[in-house]
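File shown: coords_35.cif. Contents: mmCIF, C-alpha atoms and all ligand atoms; chains and numbers go by the auth columns.
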```
data_final
#
loop_
_atom_site.group_PDB
_atom_site.id
_atom_site.type_symbol
_atom_site.label_atom_id
_atom_site.label_comp_id
_atom_site.label_asym_id
_atom_site.label_seq_id
_atom_site.Cartn_x
_atom_site.Cartn_y
_atom_site.Cartn_z
_atom_site.B_iso_or_equiv
_atom_site.auth_seq_id
_atom_site.auth_asym_id
ATOM 1 C CA MET A 1 107.673 96.282 81.598 0.00 292 C
ATOM 2 C CA LYS A 2 110.064 97.618 78.963 0.00 293 C
ATOM 3 C CA GLY A 3 111.359 101.013 80.029 0.00 294 C
ATOM 4 C CA SER A 4 110.929 100.209 83.731 0.00 295 C
ATOM 5 C CA ARG A 5 113.539 102.008 85.813 0.00 296 C
ATOM 6 C CA VAL A 6 115.888 99.820 87.830 0.00 297 C
ATOM 7 C CA LEU A 7 118.379 101.037 90.455 0.00 298 C
ATOM 8 C CA ILE A 8 121.358 98.741 91.080 0.00 299 C
ATOM 9 C CA VAL A 9 123.024 99.353 94.432 0.00 300 C
ATOM 10 C CA GLU A 10 126.388 97.602 94.313 0.00 301 C
ATOM 11 C CA ASP A 11 129.959 98.781 94.970 0.00 302 C
ATOM 12 C CA GLU A 12 131.599 96.019 92.928 0.00 303 C
ATOM 13 C CA LYS A 13 131.761 97.775 89.576 0.00 304 C
ATOM 14 C CA LYS A 14 132.198 94.625 87.519 0.00 305 C
ATOM 15 C CA ILE A 15 129.056 92.980 88.862 0.00 306 C
ATOM 16 C CA ALA A 16 127.035 96.190 88.565 0.00 307 C
ATOM 17 C CA GLU A 17 128.153 96.713 84.951 0.00 308 C
ATOM 18 C CA ILE A 18 127.305 93.160 83.850 0.00 309 C
ATOM 19 C CA VAL A 19 123.836 93.223 85.391 0.00 310 C
ATOM 20 C CA LYS A 20 123.260 96.707 83.964 0.00 311 C
ATOM 21 C CA ALA A 21 124.238 95.547 80.460 0.00 312 C
ATOM 22 C CA TYR A 22 121.889 92.557 80.598 0.00 313 C
ATOM 23 C CA LEU A 23 118.946 94.590 81.871 0.00 314 C
ATOM 24 C CA GLU A 24 119.542 97.294 79.262 0.00 315 C
ATOM 25 C CA LYS A 25 119.526 94.670 76.558 0.00 316 C
ATOM 26 C CA GLU A 26 116.021 93.750 77.782 0.00 317 C
ATOM 27 C CA GLY A 27 114.910 97.364 77.480 0.00 318 C
ATOM 28 C CA PHE A 28 115.198 98.457 81.110 0.00 319 C
ATOM 29 C CA ASP A 29 116.416 101.923 82.071 0.00 320 C
ATOM 30 C CA VAL A 30 119.233 101.253 84.564 0.00 321 C
ATOM 31 C CA THR A 31 121.110 103.439 87.051 0.00 322 C
ATOM 32 C CA VAL A 32 123.954 102.249 89.302 0.00 323 C
ATOM 33 C CA ALA A 33 124.670 103.577 92.808 0.00 324 C
ATOM 34 C CA GLY A 34 127.910 102.504 94.505 0.00 325 C
ATOM 35 C CA THR A 35 126.983 103.460 98.066 0.00 326 C
ATOM 36 C CA GLY A 36 123.948 103.331 100.307 0.00 327 C
ATOM 37 C CA THR A 37 123.862 107.098 100.739 0.00 328 C
ATOM 38 C CA LYS A 38 123.846 107.607 96.986 0.00 329 C
ATOM 39 C CA ALA A 39 121.155 104.943 96.594 0.00 330 C
ATOM 40 C CA ILE A 40 118.810 106.575 99.081 0.00 331 C
ATOM 41 C CA SER A 41 119.168 110.013 97.477 0.00 332 C
ATOM 42 C CA SER A 42 118.786 108.521 93.953 0.00 333 C
ATOM 43 C CA LEU A 43 115.500 106.887 94.928 0.00 334 C
ATOM 44 C CA LYS A 44 113.849 110.307 95.029 0.00 335 C
ATOM 45 C CA ASP A 45 114.141 110.316 91.221 0.00 336 C
ATOM 46 C CA GLY A 46 111.560 107.530 91.026 0.00 337 C
ATOM 47 C CA PHE A 47 112.418 103.924 90.237 0.00 338 C
ATOM 48 C CA ASP A 48 110.316 100.822 89.624 0.00 339 C
ATOM 49 C CA LEU A 49 112.638 98.277 91.248 0.00 340 C
ATOM 50 C CA VAL A 50 115.827 98.132 93.321 0.00 341 C
ATOM 51 C CA ILE A 51 118.568 95.498 93.169 0.00 342 C
ATOM 52 C CA LEU A 52 120.386 95.820 96.465 0.00 343 C
ATOM 53 C CA ASP A 53 123.671 94.247 97.505 0.00 344 C
ATOM 54 C CA LEU A 54 123.901 93.179 101.139 0.00 345 C
ATOM 55 C CA MET A 55 127.554 94.264 101.433 0.00 346 C
ATOM 56 C CA LEU A 56 128.257 97.939 100.772 0.00 347 C
ATOM 57 C CA PRO A 57 131.037 100.228 102.019 0.00 348 C
ATOM 58 C CA ASP A 58 128.971 102.724 103.993 0.00 349 C
ATOM 59 C CA MET A 59 125.770 100.962 105.081 0.00 350 C
ATOM 60 C CA SER A 60 124.554 97.383 105.144 0.00 351 C
ATOM 61 C CA GLY A 61 122.010 96.400 102.506 0.00 352 C
ATOM 62 C CA GLU A 62 119.744 95.421 105.362 0.00 353 C
ATOM 63 C CA ASP A 63 119.764 98.970 106.793 0.00 354 C
ATOM 64 C CA ILE A 64 119.220 100.511 103.364 0.00 355 C
ATOM 65 C CA CYS A 65 116.295 98.167 102.870 0.00 356 C
ATOM 66 C CA LYS A 66 114.741 99.184 106.179 0.00 357 C
ATOM 67 C CA THR A 67 115.255 102.872 105.353 0.00 358 C
ATOM 68 C CA ILE A 68 113.588 102.459 101.948 0.00 359 C
ATOM 69 C CA ARG A 69 110.690 100.557 103.506 0.00 360 C
ATOM 70 C CA LYS A 70 109.874 103.447 105.864 0.00 361 C
ATOM 71 C CA ASP A 71 108.200 105.299 103.013 0.00 362 C
ATOM 72 C CA SER A 72 108.191 103.088 99.933 0.00 363 C
ATOM 73 C CA ASP A 73 106.916 99.694 98.842 0.00 364 C
ATOM 74 C CA ILE A 74 109.141 99.610 95.750 0.00 365 C
ATOM 75 C CA PRO A 75 110.061 95.993 94.817 0.00 366 C
ATOM 76 C CA ILE A 76 113.507 95.077 96.189 0.00 367 C
ATOM 77 C CA ILE A 77 115.729 92.164 95.155 0.00 368 C
ATOM 78 C CA MET A 78 118.561 91.536 97.602 0.00 369 C
ATOM 79 C CA LEU A 79 121.917 90.184 96.475 0.00 370 C
ATOM 80 C CA THR A 80 123.374 87.894 99.124 0.00 371 C
ATOM 81 C CA ALA A 81 126.907 86.577 99.174 0.00 372 C
ATOM 82 C CA LYS A 82 126.297 83.059 100.259 0.00 373 C
ATOM 83 C CA ASN A 83 123.438 80.675 100.249 0.00 374 C
ATOM 84 C CA GLU A 84 122.895 80.891 103.945 0.00 375 C
ATOM 85 C CA GLU A 85 119.483 80.711 105.421 0.00 376 C
ATOM 86 C CA GLU A 86 120.492 83.488 107.827 0.00 377 C
ATOM 87 C CA ASP A 87 121.287 85.971 105.020 0.00 378 C
ATOM 88 C CA LYS A 88 118.067 85.149 103.289 0.00 379 C
ATOM 89 C CA ILE A 89 116.021 85.652 106.443 0.00 380 C
ATOM 90 C CA LYS A 90 117.852 88.924 107.189 0.00 381 C
ATOM 91 C CA GLY A 91 117.055 90.231 103.715 0.00 382 C
ATOM 92 C CA LEU A 92 113.425 89.199 103.705 0.00 383 C
ATOM 93 C CA GLY A 93 113.043 90.368 107.334 0.00 384 C
ATOM 94 C CA ALA A 94 114.336 93.797 106.343 0.00 385 C
ATOM 95 C CA GLY A 95 111.584 94.030 103.722 0.00 386 C
ATOM 96 C CA ALA A 96 113.158 92.651 100.527 0.00 387 C
ATOM 97 C CA ASP A 97 110.741 90.906 98.142 0.00 388 C
ATOM 98 C CA ASP A 98 113.188 88.404 96.726 0.00 389 C
ATOM 99 C CA TYR A 99 116.844 87.527 96.902 0.00 390 C
ATOM 100 C CA VAL A 100 119.514 86.179 94.557 0.00 391 C
ATOM 101 C CA VAL A 101 122.569 84.326 95.779 0.00 392 C
ATOM 102 C CA LYS A 102 126.061 85.184 94.495 0.00 393 C
ATOM 103 C CA PRO A 103 127.578 83.985 92.286 0.00 394 C
ATOM 104 C CA PHE A 104 124.540 84.375 90.036 0.00 395 C
ATOM 105 C CA SER A 105 124.095 84.441 86.294 0.00 396 C
ATOM 106 C CA PRO A 106 122.926 87.794 84.842 0.00 397 C
ATOM 107 C CA ARG A 107 120.238 85.768 83.095 0.00 398 C
ATOM 108 C CA GLU A 108 118.892 84.700 86.483 0.00 399 C
ATOM 109 C CA VAL A 109 118.789 88.284 87.763 0.00 400 C
ATOM 110 C CA THR A 110 117.010 89.474 84.608 0.00 401 C
ATOM 111 C CA ALA A 111 114.432 86.697 84.922 0.00 402 C
ATOM 112 C CA ARG A 112 113.847 87.507 88.579 0.00 403 C
ATOM 113 C CA VAL A 113 113.458 91.237 87.871 0.00 404 C
ATOM 114 C CA LYS A 114 110.777 90.470 85.299 0.00 405 C
ATOM 115 C CA ALA A 115 108.998 87.998 87.600 0.00 406 C
ATOM 116 C CA LEU A 116 109.020 90.427 90.513 0.00 407 C
ATOM 117 C CA LEU A 117 107.766 93.378 88.433 0.00 408 C
ATOM 118 C CA ARG A 118 104.959 91.196 87.184 0.00 409 C
ATOM 119 C CA ARG A 119 104.074 89.976 90.669 0.00 410 C
ATOM 120 C CA THR A 120 104.151 93.401 92.271 0.00 411 C
ATOM 121 C CA GLY A 121 102.308 94.898 89.292 0.00 412 C
ATOM 122 C CA LYS A 122 99.353 92.923 90.699 0.00 413 C
ATOM 123 C CA LYS A 123 99.041 91.016 87.471 0.00 414 C
ATOM 124 C CA SER A 124 97.658 87.630 88.297 0.00 415 C
ATOM 125 C CA LEU A 125 98.285 86.220 84.819 0.00 416 C
ATOM 126 C CA ALA A 126 101.770 85.070 83.840 0.00 417 C
ATOM 127 C CA ARG A 127 102.468 83.688 80.367 0.00 418 C
ATOM 128 C CA PHE A 128 105.480 81.613 79.424 0.00 419 C
ATOM 129 C CA ASN A 129 107.154 80.406 76.219 0.00 420 C
ATOM 130 C CA ASN A 130 105.062 82.553 73.870 0.00 421 C
ATOM 131 C CA GLY A 131 101.747 81.783 75.492 0.00 422 C
ATOM 132 C CA ASP A 132 102.300 78.033 75.683 0.00 423 C
ATOM 133 C CA LEU A 133 101.800 78.018 79.437 0.00 424 C
ATOM 134 C CA VAL A 134 99.572 80.414 81.384 0.00 425 C
ATOM 135 C CA ILE A 135 99.415 80.534 85.180 0.00 426 C
ATOM 136 C CA ASP A 136 96.500 82.453 86.686 0.00 427 C
ATOM 137 C CA SER A 137 97.267 82.812 90.381 0.00 428 C
ATOM 138 C CA GLU A 138 93.981 84.491 91.162 0.00 429 C
ATOM 139 C CA LYS A 139 91.753 81.805 89.698 0.00 430 C
ATOM 140 C CA PHE A 140 94.207 78.988 90.467 0.00 431 C
ATOM 141 C CA LYS A 141 94.080 78.047 86.809 0.00 432 C
ATOM 142 C CA VAL A 142 96.709 76.712 84.453 0.00 433 C
ATOM 143 C CA ILE A 143 96.366 76.682 80.679 0.00 434 C
ATOM 144 C CA LYS A 144 98.725 74.653 78.531 0.00 435 C
ATOM 145 C CA GLY A 145 98.645 74.916 74.741 0.00 436 C
ATOM 146 C CA GLY A 146 95.228 76.604 74.958 0.00 437 C
ATOM 147 C CA ALA A 147 93.628 73.868 77.078 0.00 438 C
ATOM 148 C CA ASP A 148 92.679 74.033 80.766 0.00 439 C
ATOM 149 C CA ILE A 149 94.861 71.828 82.926 0.00 440 C
ATOM 150 C CA VAL A 150 93.637 70.408 86.211 0.00 441 C
ATOM 151 C CA LEU A 151 96.325 70.544 88.878 0.00 442 C
ATOM 152 C CA THR A 152 95.849 69.485 92.491 0.00 443 C
ATOM 153 C CA PRO A 153 96.267 72.335 95.032 0.00 444 C
ATOM 154 C CA THR A 154 99.712 70.943 95.936 0.00 445 C
ATOM 155 C CA GLU A 155 100.816 70.749 92.308 0.00 446 C
ATOM 156 C CA PHE A 156 99.582 74.306 91.752 0.00 447 C
ATOM 157 C CA LYS A 157 101.512 75.608 94.783 0.00 448 C
ATOM 158 C CA LEU A 158 104.707 73.935 93.612 0.00 449 C
ATOM 159 C CA LEU A 159 104.428 75.170 90.036 0.00 450 C
ATOM 160 C CA LYS A 160 103.549 78.719 91.138 0.00 451 C
ATOM 161 C CA CYS A 161 106.471 78.867 93.559 0.00 452 C
ATOM 162 C CA LEU A 162 108.963 77.623 90.970 0.00 453 C
ATOM 163 C CA ALA A 163 107.600 79.932 88.238 0.00 454 C
ATOM 164 C CA GLU A 164 107.762 82.983 90.512 0.00 455 C
ATOM 165 C CA HIS A 165 111.487 82.383 91.024 0.00 456 C
ATOM 166 C CA PRO A 166 112.782 81.537 87.558 0.00 457 C
ATOM 167 C CA GLU A 167 116.247 79.951 87.416 0.00 458 C
ATOM 168 C CA GLN A 168 116.346 79.586 91.203 0.00 459 C
ATOM 169 C CA VAL A 169 117.215 76.085 92.332 0.00 460 C
ATOM 170 C CA PHE A 170 114.974 74.761 95.086 0.00 461 C
ATOM 171 C CA SER A 171 115.949 71.740 97.159 0.00 462 C
ATOM 172 C CA ARG A 172 113.316 69.106 97.771 0.00 463 C
ATOM 173 C CA LEU A 173 113.238 70.120 101.415 0.00 464 C
ATOM 174 C CA GLN A 174 112.577 73.767 100.487 0.00 465 C
ATOM 175 C CA LEU A 175 109.699 72.623 98.299 0.00 466 C
ATOM 176 C CA VAL A 176 108.311 70.505 101.133 0.00 467 C
ATOM 177 C CA ASN A 177 108.301 73.720 103.144 0.00 468 C
ATOM 178 C CA VAL A 178 106.391 75.465 100.331 0.00 469 C
ATOM 179 C CA ILE A 179 103.573 72.929 100.399 0.00 470 C
ATOM 180 C CA LEU A 180 103.470 72.060 104.105 0.00 471 C
ATOM 181 C CA GLY A 181 104.718 75.304 105.617 0.00 472 C
ATOM 182 C CA TYR A 182 107.492 73.533 107.501 0.00 473 C
ATOM 183 C CA ASP A 183 110.443 71.217 106.827 0.00 474 C
ATOM 184 C CA TYR A 184 109.594 67.591 107.184 0.00 475 C
ATOM 185 C CA GLU A 185 112.313 65.196 106.228 0.00 476 C
ATOM 186 C CA GLY A 186 111.052 61.947 104.843 0.00 477 C
ATOM 187 C CA TYR A 187 108.461 63.828 102.875 0.00 478 C
ATOM 188 C CA ASP A 188 110.981 65.201 100.405 0.00 479 C
ATOM 189 C CA ARG A 189 110.864 62.241 98.026 0.00 480 C
ATOM 190 C CA THR A 190 107.159 62.791 97.454 0.00 481 C
ATOM 191 C CA ILE A 191 108.191 66.086 95.813 0.00 482 C
ATOM 192 C CA ASP A 192 109.517 63.941 92.969 0.00 483 C
ATOM 193 C CA ALA A 193 106.099 62.359 92.575 0.00 484 C
ATOM 194 C CA HIS A 194 104.384 65.756 92.479 0.00 485 C
ATOM 195 C CA VAL A 195 106.885 67.080 89.934 0.00 486 C
ATOM 196 C CA LYS A 196 106.375 64.001 87.814 0.00 487 C
ATOM 197 C CA ASN A 197 102.613 64.627 87.828 0.00 488 C
ATOM 198 C CA ILE A 198 103.042 68.312 86.954 0.00 489 C
ATOM 199 C CA ARG A 199 105.386 67.426 84.094 0.00 490 C
ATOM 200 C CA HIS A 200 102.926 64.887 82.818 0.00 491 C
ATOM 201 C CA LYS A 201 100.354 67.698 82.585 0.00 492 C
ATOM 202 C CA ILE A 202 102.437 70.585 81.216 0.00 493 C
ATOM 203 C CA GLU A 203 105.488 69.230 79.439 0.00 494 C
ATOM 204 C CA ASP A 204 105.469 68.219 75.765 0.00 495 C
ATOM 205 C CA ASN A 205 108.563 66.091 76.269 0.00 496 C
ATOM 206 C CA GLN A 206 109.042 64.907 79.820 0.00 497 C
ATOM 207 C CA LYS A 207 112.588 63.773 79.103 0.00 498 C
ATOM 208 C CA ASN A 208 113.542 67.230 77.878 0.00 499 C
ATOM 209 C CA PRO A 209 111.330 69.552 79.920 0.00 500 C
ATOM 210 C CA SER A 210 110.664 73.173 78.909 0.00 501 C
ATOM 211 C CA TYR A 211 109.499 74.258 82.361 0.00 502 C
ATOM 212 C CA ILE A 212 110.677 72.255 85.356 0.00 503 C
ATOM 213 C CA LYS A 213 114.264 71.133 85.139 0.00 504 C
ATOM 214 C CA THR A 214 115.907 68.633 87.470 0.00 505 C
ATOM 215 C CA VAL A 215 119.153 69.900 88.990 0.00 506 C
ATOM 216 C CA HIS A 216 120.958 66.689 89.808 0.00 507 C
ATOM 217 C CA GLY A 217 121.878 66.226 93.424 0.00 508 C
ATOM 218 C CA VAL A 218 120.044 69.404 94.400 0.00 509 C
ATOM 219 C CA GLY A 219 116.421 69.728 93.350 0.00 510 C
ATOM 220 C CA TYR A 220 114.420 71.592 90.736 0.00 511 C
ATOM 221 C CA LYS A 221 114.249 74.919 88.942 0.00 512 C
ATOM 222 C CA PHE A 222 111.838 76.677 86.602 0.00 513 C
ATOM 223 C CA ILE A 223 113.285 77.427 83.139 0.00 514 C
ATOM 224 C CA GLY A 224 110.277 78.710 81.188 0.00 515 C
ATOM 225 C CA SER A 225 110.778 82.185 79.768 0.00 516 C
ATOM 226 C CA ILE A 226 108.211 84.780 80.758 0.00 517 C
ATOM 227 C CA ASP A 227 106.419 86.624 77.939 0.00 518 C
ATOM 228 C CA GLU A 228 106.569 90.376 77.555 0.00 519 C
ATOM 229 C CA ASP A 229 103.267 92.203 77.514 0.00 520 C
HETATM 230 CA CA CA B . 129.189 94.691 97.432 0.00 1 T
#
```
Written as structure tokens, that's how I'd like the structure from this file.
Ligand code: CA
Amino acid sequence: MKGSRVLIVEDEKKIAEIVKAYLEKEGFDVTVAGTGTKAISSLKDGFDLVILDLMLPDMSGEDICKTIRKDSDIPIIMLTAKNEEEDKIKGLGAGADDYVVKPFSPREVTARVKALLRRTGKKSLARFNNGDLVIDSEKFKVIKGGADIVLTPTEFKLLKCLAEHPEQVFSRLQLVNVILGYDYEGYDRTIDAHVKNIRHKIEDNQKNPSYIKTVHGVGYKFIGSIDED
């Protein structure tokens, strides 16, 4: 993963520079393009992942995404300005693999870049906190502190979804959608019960969790740090 080439497509210099600095600190090789035209011509140089802003001076991020998708399946993370379902759907509909909502922390973007590279690298094993937690999405297995953990299919789905989007806050309703495939109000409180069960199985200290953190008034997010290979 270290040395992977990342193209940031963003016209706001400040944002581009901060994200670039964080990714470089993690060993990534980063290039910034300020326009869509420049981005599309830069892609010929070969990159491993694209971070694409939705709002650019010459083209929309959505159109750039569609253009890239005509002949490339390079992983794309879309930056969206507001947490609106519509923006998210636009981005994913245009072929983005993931999205991050502004304002974001550079730490979140870095975590998502790593998670996406791992996912698209077809690696089914993800290790967290120096091997403390292992999620095997192919065998539906979870190992905690070297021991096999039995999760129900619902618990596994929830944990996998959270872990694939580190630092992203999910509302209870969004998580209901993850397990049922649709929003069903009234079911959202049972998410708490599932999270409680998962924590019981994977957390050393349930009051100070290392993996699933409660975001008060909103929902949950995954805070485990993914291991380098
Ligand atoms: Ca922009």
(request) Would you translate the PyMOL selection byres (((not hetatm)) within 7 of (chain T and resi 1)) into the concrete set of residues it matches in this file, as a PyMOL selection string? (result) chain C and resi 301-303+344-347
Keeping C-alpha atoms, export the residues of the selection given above as a short mmCIF file (atom, residue, chain, number, x, y, z; two decimals), keeping the file's coordinate frame.
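Saved file part-v6.cif follows:
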```
data_model
loop_
_atom_site.label_atom_id
_atom_site.label_comp_id
_atom_site.auth_asym_id
_atom_site.auth_seq_id
_atom_site.Cartn_x
_atom_site.Cartn_y
_atom_site.Cartn_z
CA GLU C 301 126.39 97.60 94.31
CA ASP C 302 129.96 98.78 94.97
CA GLU C 303 131.60 96.02 92.93
CA ASP C 344 123.67 94.25 97.50
CA LEU C 345 123.90 93.18 101.14
CA MET C 346 127.55 94.26 101.43
CA LEU C 347 128.26 97.94 100.77
#
```
(message) If I take CA of Lys451 in chain C and CA of Glu399 in chain C, how far is one from the other in Å, to one decimal?
(response) 17.1 Å
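Put simply, the PyMOL selection byres (((chain C and resi 508) around 12) and not hetatm) on this file hits Val460, Phe461, Ser462, Arg463, Thr505, Val506, His507, Val509, Gly510 and Tyr511 of chain C.
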Let me see the file: selected residues, C-alpha atoms, as a PDB file, in the coordinates of the input.
```pdb
ATOM      1  CA  VAL C 460     117.215  76.085  92.332  1.00  0.00           C
ATOM      2  CA  PHE C 461     114.974  74.761  95.086  1.00  0.00           C
ATOM      3  CA  SER C 462     115.949  71.740  97.159  1.00  0.00           C
ATOM      4  CA  ARG C 463     113.316  69.106  97.771  1.00  0.00           C
ATOM      5  CA  THR C 505     115.907  68.633  87.470  1.00  0.00           C
ATOM      6  CA  VAL C 506     119.153  69.900  88.990  1.00  0.00           C
ATOM      7  CA  HIS C 507     120.958  66.689  89.808  1.00  0.00           C
ATOM      8  CA  VAL C 509     120.044  69.404  94.400  1.00  0.00           C
ATOM      9  CA  GLY C 510     116.421  69.728  93.350  1.00  0.00           C
ATOM     10  CA  TYR C 511     114.420  71.592  90.736  1.00  0.00           C
TER      11      TYR C 511
END
```
(request) I would like the residues chosen by the PyMOL selection byres (((chain C and resi 368) around 10) and not hetatm) on the shown file; could you give them as a ChimeraX atom specification? (result) /C:299,340-344,356,365-367,369-371,382-383,386-391,400,403-404,407
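CA of Ile482 in chain C is found 13.3 Å from CA of Lys504 in chain C.
Atom pair CA of Leu424 in chain C / CA of Thr443 in chain C has a distance of 16.7 Å (rounded to one decimal).
Among the candidates C:Val323, C:Pro457, C:Asp479, C:Asp495, the one nearest to Thr401 in chain C when counting all atoms listed in the file is C:Pro457.
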(request) Tell me, as number ranges by chain, which residues lie within 9 Å of Val321 in chain C, counting all atoms listed in the file; anything in the same chain fewer than 3 positions away does not count. (result) C: 295-299, 311-312, 314-315
Provide range 495-503 of chain C rebuilt to all heavy atoms, formatted as an mmCIF file, keeping the file's coordinate frame.
```cif
data_model
loop_
_atom_site.group_PDB
_atom_site.id
_atom_site.type_symbol
_atom_site.label_atom_id
_atom_site.label_comp_id
_atom_site.auth_asym_id
_atom_site.auth_seq_id
_atom_site.Cartn_x
_atom_site.Cartn_y
_atom_site.Cartn_z
ATOM 1 N N ASP C 495 105.659 68.947 77.023
ATOM 2 C CA ASP C 495 105.469 68.219 75.765
ATOM 3 C C ASP C 495 106.380 66.992 75.743
ATOM 4 O O ASP C 495 106.015 65.933 75.264
ATOM 5 C CB ASP C 495 105.805 69.120 74.575
ATOM 6 C CG ASP C 495 104.805 70.267 74.458
ATOM 7 O OD1 ASP C 495 103.618 70.042 74.803
ATOM 8 O OD2 ASP C 495 105.208 71.358 74.050
ATOM 9 N N ASN C 496 107.605 67.194 76.236
ATOM 10 C CA ASN C 496 108.563 66.091 76.269
ATOM 11 C C ASN C 496 109.112 65.997 77.683
ATOM 12 O O ASN C 496 109.913 66.816 78.110
ATOM 13 C CB ASN C 496 109.680 66.361 75.255
ATOM 14 C CG ASN C 496 110.740 65.271 75.262
ATOM 15 O OD1 ASN C 496 110.702 64.354 76.087
ATOM 16 N ND2 ASN C 496 111.689 65.378 74.350
ATOM 17 N N GLN C 497 108.665 64.995 78.409
ATOM 18 C CA GLN C 497 109.042 64.907 79.820
ATOM 19 C C GLN C 497 110.517 64.612 80.028
ATOM 20 O O GLN C 497 111.065 64.858 81.091
ATOM 21 C CB GLN C 497 108.181 63.865 80.527
ATOM 22 C CG GLN C 497 106.740 64.348 80.598
ATOM 23 C CD GLN C 497 105.814 63.328 81.195
ATOM 24 O OE1 GLN C 497 106.052 62.840 82.287
ATOM 25 N NE2 GLN C 497 104.782 62.988 80.449
ATOM 26 N N LYS C 498 111.152 64.059 78.979
ATOM 27 C CA LYS C 498 112.588 63.773 79.103
ATOM 28 C C LYS C 498 113.429 65.022 78.848
ATOM 29 O O LYS C 498 114.587 65.088 79.239
ATOM 30 C CB LYS C 498 112.983 62.661 78.131
ATOM 31 C CG LYS C 498 112.432 61.322 78.598
ATOM 32 C CD LYS C 498 113.120 60.145 77.923
ATOM 33 C CE LYS C 498 112.591 58.838 78.490
ATOM 34 N NZ LYS C 498 111.996 57.995 77.450
ATOM 35 N N ASN C 499 112.831 65.979 78.154
ATOM 36 C CA ASN C 499 113.542 67.230 77.878
ATOM 37 C C ASN C 499 112.604 68.389 78.198
ATOM 38 O O ASN C 499 112.068 69.048 77.313
ATOM 39 C CB ASN C 499 113.970 67.246 76.404
ATOM 40 C CG ASN C 499 114.793 68.477 76.083
ATOM 41 O OD1 ASN C 499 115.343 69.127 76.982
ATOM 42 N ND2 ASN C 499 114.832 68.828 74.816
ATOM 43 N N PRO C 500 112.376 68.607 79.504
ATOM 44 C CA PRO C 500 111.330 69.552 79.920
ATOM 45 C C PRO C 500 111.614 71.007 79.534
ATOM 46 O O PRO C 500 112.764 71.438 79.494
ATOM 47 C CB PRO C 500 111.289 69.409 81.446
ATOM 48 C CG PRO C 500 112.505 68.681 81.850
ATOM 49 C CD PRO C 500 113.062 67.993 80.649
ATOM 50 N N SER C 501 110.541 71.753 79.235
ATOM 51 C CA SER C 501 110.664 73.173 78.909
ATOM 52 C C SER C 501 110.405 74.035 80.135
ATOM 53 O O SER C 501 110.615 75.242 80.095
ATOM 54 C CB SER C 501 109.635 73.587 77.861
ATOM 55 O OG SER C 501 109.638 72.708 76.787
ATOM 56 N N TYR C 502 109.871 73.444 81.198
ATOM 57 C CA TYR C 502 109.499 74.258 82.361
ATOM 58 C C TYR C 502 110.214 73.863 83.652
ATOM 59 O O TYR C 502 110.875 74.680 84.268
ATOM 60 C CB TYR C 502 107.973 74.233 82.552
ATOM 61 C CG TYR C 502 107.274 74.853 81.379
ATOM 62 C CD1 TYR C 502 106.605 74.074 80.438
ATOM 63 C CD2 TYR C 502 107.337 76.222 81.178
ATOM 64 C CE1 TYR C 502 106.001 74.655 79.327
ATOM 65 C CE2 TYR C 502 106.744 76.813 80.075
ATOM 66 C CZ TYR C 502 106.072 76.025 79.156
ATOM 67 O OH TYR C 502 105.497 76.602 78.065
ATOM 68 N N ILE C 503 110.049 72.621 84.082
ATOM 69 C CA ILE C 503 110.677 72.255 85.356
ATOM 70 C C ILE C 503 111.863 71.336 85.096
ATOM 71 O O ILE C 503 111.715 70.214 84.617
ATOM 72 C CB ILE C 503 109.674 71.568 86.301
ATOM 73 C CG1 ILE C 503 108.507 72.528 86.575
ATOM 74 C CG2 ILE C 503 110.372 71.205 87.626
ATOM 75 C CD1 ILE C 503 107.456 71.962 87.492
#
```
